[in-house]
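**Student:** If you scroll down you'll find the structure; I have some questions about it.
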Amino acid sequence: MLSKKIVTSIILSFVISFGLLFGLLLIDQNYFPKEKIIREHEFYTKEFSSEDNLIFIMGSSHVGQLNSTLIHETISQKFPLYMVYNLSYTSDKPSERIKVIDNAIRLNPKIVLYGISYRDFEVNSIQKHPLPDPQQFFNDLLRNELEVSNKINPKVTTLENIRKIFTDTGLFPPREVIKLDNSPFYNFYSYQIVVNEIELKQPKDNQQYTINIKSSLEEKQVRDLNSIIEKLHKNKIKIIIFSTPLHQNYLDLISPETKSNFSNILDRIRNTYDIKIYDFSDKYVNENIWFDIEHVAYNKKSSIFSEDITDIIITELKK
Amino acid sequence: MLFNTIDFIIFFVFVLAVTITIKNKKFYILFLLGAGYFFFYYTSNYLISLLIFSTLLDYFIGNQIWKTDILTRKKILLVISLAGNLGLLGFFKYADFAILQFNIFGQYLDLVEEIPLLHLALPIGISFYTFQTISYTVDIYRGKLKPSKSFWEFALFVSFFPQLVAGPIVRASEFLPQLRAKIDSFDAGIKLRQITINSKNLKLGITIMMFGFLKKMFFADNIAPFVNDIFVNPIGLESFSIILATIGFGIQIYCDFSGYSDIAIGAALILGFKLPINFNKPYFATSPADFWRRWHISLSSWLRDYLYIPLGGSKKSHVRTYTNLATVMFLGGLWHGASWNFVIWGLLHGSYLAIHRLIINKFPILNEIQFFKTRIGKIISILVMQYFVFLAWIPFRVQDMNSMLYSIQKYLIFDFQTNGILQVLISNKLAIALMGLFVILHFILYMKPNTYEKILGLNLKKWTIFLIISMSAILFFYDGNPADFIYFKF
């Protein structure tokens, strides 16, 4: 027979350990993304001179990997009145970007370059298997219905607290974070190495790259991207879209149907809004410039991506 | 379904809750069978058809082998079973590897056309359940096992969810009698709830599971980023970084795999089934043979019983014995995955076993030397053995041939640079601290082998504190991204 005391012990252990965890997360200020909000506020309330001509680059971590210092310096040498900022966020999507686009518009940039990729239009609930998929159903239930975030990362909070406790000992100096002046919302935790081809073939996280998108323009991410474009147009801000570069192994994991849907979405945007769209998705598949299969490394050897973006801006400015 | 996800916790609690309320023995078997199929279907979807195929094939053939007295017919049936299971395994796991090798070979022959790769999905757990079903049929063929009395019992043996996707590889002779004993107890009038989950099993099972979760989520997952950082591009690094990452990977893979085994054994125990142990402090092995008696025991004993002994084992000539050892380890390496690095790993271990056997055969007096039986002799044996075991982990982890050869060179020929040593120590404090903690705990467990019993003997208050500390360690160092178990790929 089952002892009620043992069952009670197990339940009590769960309650106490989870209670301790959530207690720490709630008390610890680092858990909430206040830092991001403060930095946003600092940037968007910054007083730019009326002579400053701003160029913004936007997108997710795919775009965040750009060397904004290199881009800005190259542009400002040729066009001294122009300033380039990379406003990319990790995990950005059109549905997130639209929440802050008005802040960017208020600064009256001349050009906005928006980098997008398959992941920006990802639809989670598309069937990956021929038979019903209970795992997908459960994940959707957690994420969409119960709104349980999968971004909780207690390890970061724990390590930050360990750092705080041992600050005086010098045992845990502050983490070395590379921050670029022209990328206010994006950090590199170290100078990134270019990963070799074999490692890029490791199938460790394949599941997360199995991206599906629908062709419908009614999908939320597509609608939000359209709204962003319309707002920029309404304020007479030029927008250029580019699809971000991906490694061949990433592209191999994307179905022909999804590729076709992505292409159709971009075609319709191009035709509807008369926008120039550059396709970088397979431009560097043979280059040795990758940090992982969807990110170009932040590394001297990988500057080709930043240089190409610079060329696009120069082409536009020469017009 | 990954053990280290909320999905599994909910699933397991549901299975337990239903199991303790079941009063009908047939429903009990069917429920556990259904749970196993759901567990498998949850992540493998349509690939469950392969599991069902393997189950049907071996149940039918096992019965037919038992019924017939004609040896030739028995042999033909056995060959069909082997062809079915190994064909399934070979096709899904090795087809693309074979095509790739053929295409590379074709380039030397100037063949114009290449065979396109099939890009088949690797069915999770196929290496494990096919080995289980093969052992069932072979044991019946050898007359060591009677066929299962019912199809449902056999299907439950194949699909019992705790060990379904990454072992331990359970023999029918270990599992079916336990199931039968429960059914017989039920027939004898004992209430089913008394023969399924009981307090002692629950407490021991939870304790073992907690050790498994600690190994996987606290140690393995937190050491992995350091190991990945080093081996993602090791070229240019000095020896200390390579050696430390190699030790890190050795600890990571042990904690990952033995952690999975612990969770499987604990979960099965809570449900009233004893699974065989899979690891027995392998990093305290004193010889290659000793290592394989301690590492992935269910696989090494399977390879011994169903491959090494049929090949002649050590009963033939010395040369034949060495060849058999190398062959078995070559295939054992290939079992882990369709890649040359696993083959190299297997061959390295094969060569360790063969060379050790050769030395013992040539110099039998070595067995008599008292020094190796002293504490210091034992320590030296352990250190020497582990130096070679960890050397073999390099090809297991590093797939790129240049990186692998570079890492091996730095592991064998020391080239320490102060700057590199300081850099790696400063940048990876957490991982290195965890590696140190693991070594201390592993040593304590080695010196005091009855730790489980001691924890089991704790009063409820202390046991609850043990659970809270363990759970908190896991939760506070969880990075929000449940990582796959390494052995899921095999």
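Please note that chains go A, B, ... in the order of the structure tokens, that every chain numbers its residues from 1, and that ligands are numbered from 1 in the order shown.
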Need to verify the contact set: Ile277 (chain A), 7 Å, only C-alpha atoms, exclusion of same-chain residues closer than 6 positions in sequence. Can you return it as a PyMOL selection string?
**Tutor:** chain A and resi 240-242+270
**Student:** Skipping near chain neighbours, those fewer than 6 positions away, what residues fall within 10 Å of region 311-324 of chain B using only C-alpha atoms, listed as a list of chain:residue names?
**Tutor:**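 Here the answer would be B:Arg304, B:Asp305, B:Phe330, B:Gly350, B:Ser351, B:Leu353, B:Ala354, B:Ile355, B:His356, B:Arg357, B:Leu358, B:Asn361.
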**Student:** Excluding Val7 (chain A) and residues on its chain fewer than 2 positions from it, collect all residues at most 12 Å away from it, counting only C-alpha atoms, and give them as a PyMOL selection string.
**Tutor:** (chain A and resi 1-5+9-14) or (chain B and resi 13+16-17+197-200+202-203+206+460+463-464)
**Student:** Which residue gives the smallest distance to chain A among B:Leu445, B:Ile29, B:Ile48, B:Leu269, with only C-alpha atoms counted?
**Tutor:**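 Using only C-alpha atoms, chain A sits closest to B:Ile48.
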**Student:** Which parts of region 3-142 of chain B does DSSP call alpha helix (DSSP H) when run on the backbone here, written out as number ranges by chain?
**Tutor:** B: 6-21, 25-44, 48-67, 71-89, 95-108, 126-141
**Student:** For a quick test of understanding: name the residues of chain B lying within 6 Å of chain A when counting only C-alpha atoms, and present them as number ranges by chain.
**Tutor:** B: 42, 194, 198-199, 400, 464, 467-468, 472, 476-480
**Student:** Identify all residues of region 4-119 of chain A in strand (DSSP E or B) (DSSP on the backbone) and supply them as an mmCIF file with N, CA and C atoms, in the first residue's frame.
**Tutor:**
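Saved as selection_20.cif:
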data_model
loop_
_atom_site.group_PDB
_atom_site.id
_atom_site.type_symbol
_atom_site.label_atom_id
_atom_site.label_comp_id
_atom_site.auth_asym_id
_atom_site.auth_seq_id
_atom_site.Cartn_x
_atom_site.Cartn_y
_atom_site.Cartn_z
ATOM 1 N N ASN A 53 21.000 62.590 -40.012
ATOM 2 C CA ASN A 53 20.150 61.737 -40.845
ATOM 3 C C ASN A 53 20.324 60.299 -40.363
ATOM 4 N N LEU A 54 19.239 59.765 -39.885
ATOM 5 C CA LEU A 54 19.332 58.437 -39.268
ATOM 6 C C LEU A 54 18.963 57.326 -40.245
ATOM 7 N N ILE A 55 19.688 56.241 -40.106
ATOM 8 C CA ILE A 55 19.349 55.018 -40.855
ATOM 9 C C ILE A 55 19.231 53.904 -39.825
ATOM 10 N N PHE A 56 18.105 53.241 -39.805
ATOM 11 C CA PHE A 56 17.889 52.162 -38.836
ATOM 12 C C PHE A 56 17.891 50.807 -39.541
ATOM 13 N N ILE A 57 18.525 49.855 -38.872
ATOM 14 C CA ILE A 57 18.448 48.467 -39.334
ATOM 15 C C ILE A 57 17.673 47.717 -38.259
ATOM 16 N N MET A 58 16.705 46.924 -38.676
ATOM 17 C CA MET A 58 15.858 46.233 -37.693
ATOM 18 C C MET A 58 15.782 44.742 -38.000
ATOM 19 N N TYR A 82 25.199 61.144 -42.059
ATOM 20 C CA TYR A 82 24.349 59.982 -41.792
ATOM 21 C C TYR A 82 24.860 59.154 -40.608
ATOM 22 N N MET A 83 23.940 58.691 -39.813
ATOM 23 C CA MET A 83 24.273 57.823 -38.675
ATOM 24 C C MET A 83 23.481 56.525 -38.795
ATOM 25 N N VAL A 84 24.163 55.428 -38.633
ATOM 26 C CA VAL A 84 23.494 54.121 -38.778
ATOM 27 C C VAL A 84 23.361 53.461 -37.410
ATOM 28 N N TYR A 85 22.170 53.002 -37.092
ATOM 29 C CA TYR A 85 21.936 52.254 -35.851
ATOM 30 C C TYR A 85 21.277 50.918 -36.179
ATOM 31 N N ASN A 86 21.771 49.922 -35.512
ATOM 32 C CA ASN A 86 21.153 48.601 -35.658
ATOM 33 C C ASN A 86 20.235 48.389 -34.451
ATOM 34 N N ILE A 111 15.960 56.085 -43.740
ATOM 35 C CA ILE A 111 15.795 54.742 -44.325
ATOM 36 C C ILE A 111 15.692 53.719 -43.185
ATOM 37 N N VAL A 112 14.837 52.734 -43.386
ATOM 38 C CA VAL A 112 14.789 51.582 -42.473
ATOM 39 C C VAL A 112 15.073 50.329 -43.293
ATOM 40 N N LEU A 113 16.064 49.576 -42.841
ATOM 41 C CA LEU A 113 16.317 48.269 -43.482
ATOM 42 C C LEU A 113 15.772 47.207 -42.536
ATOM 43 N N TYR A 114 14.887 46.389 -43.024
ATOM 44 C CA TYR A 114 14.247 45.382 -42.167
ATOM 45 C C TYR A 114 14.678 43.986 -42.643
ATOM 46 N N GLY A 115 15.386 43.291 -41.758
ATOM 47 C CA GLY A 115 15.818 41.932 -42.098
ATOM 48 C C GLY A 115 14.820 40.905 -41.595
ATOM 49 N N ILE A 116 14.354 40.055 -42.489
ATOM 50 C CA ILE A 116 13.393 39.027 -42.072
ATOM 51 C C ILE A 116 13.833 37.652 -42.573
#
**Student:** Report, in Å to a single decimal, how far apart CA of Leu117 (chain B) and CA of Asp96 (chain B) are.
**Tutor:**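 Distance reported for this atom pair: 5.5 Å.
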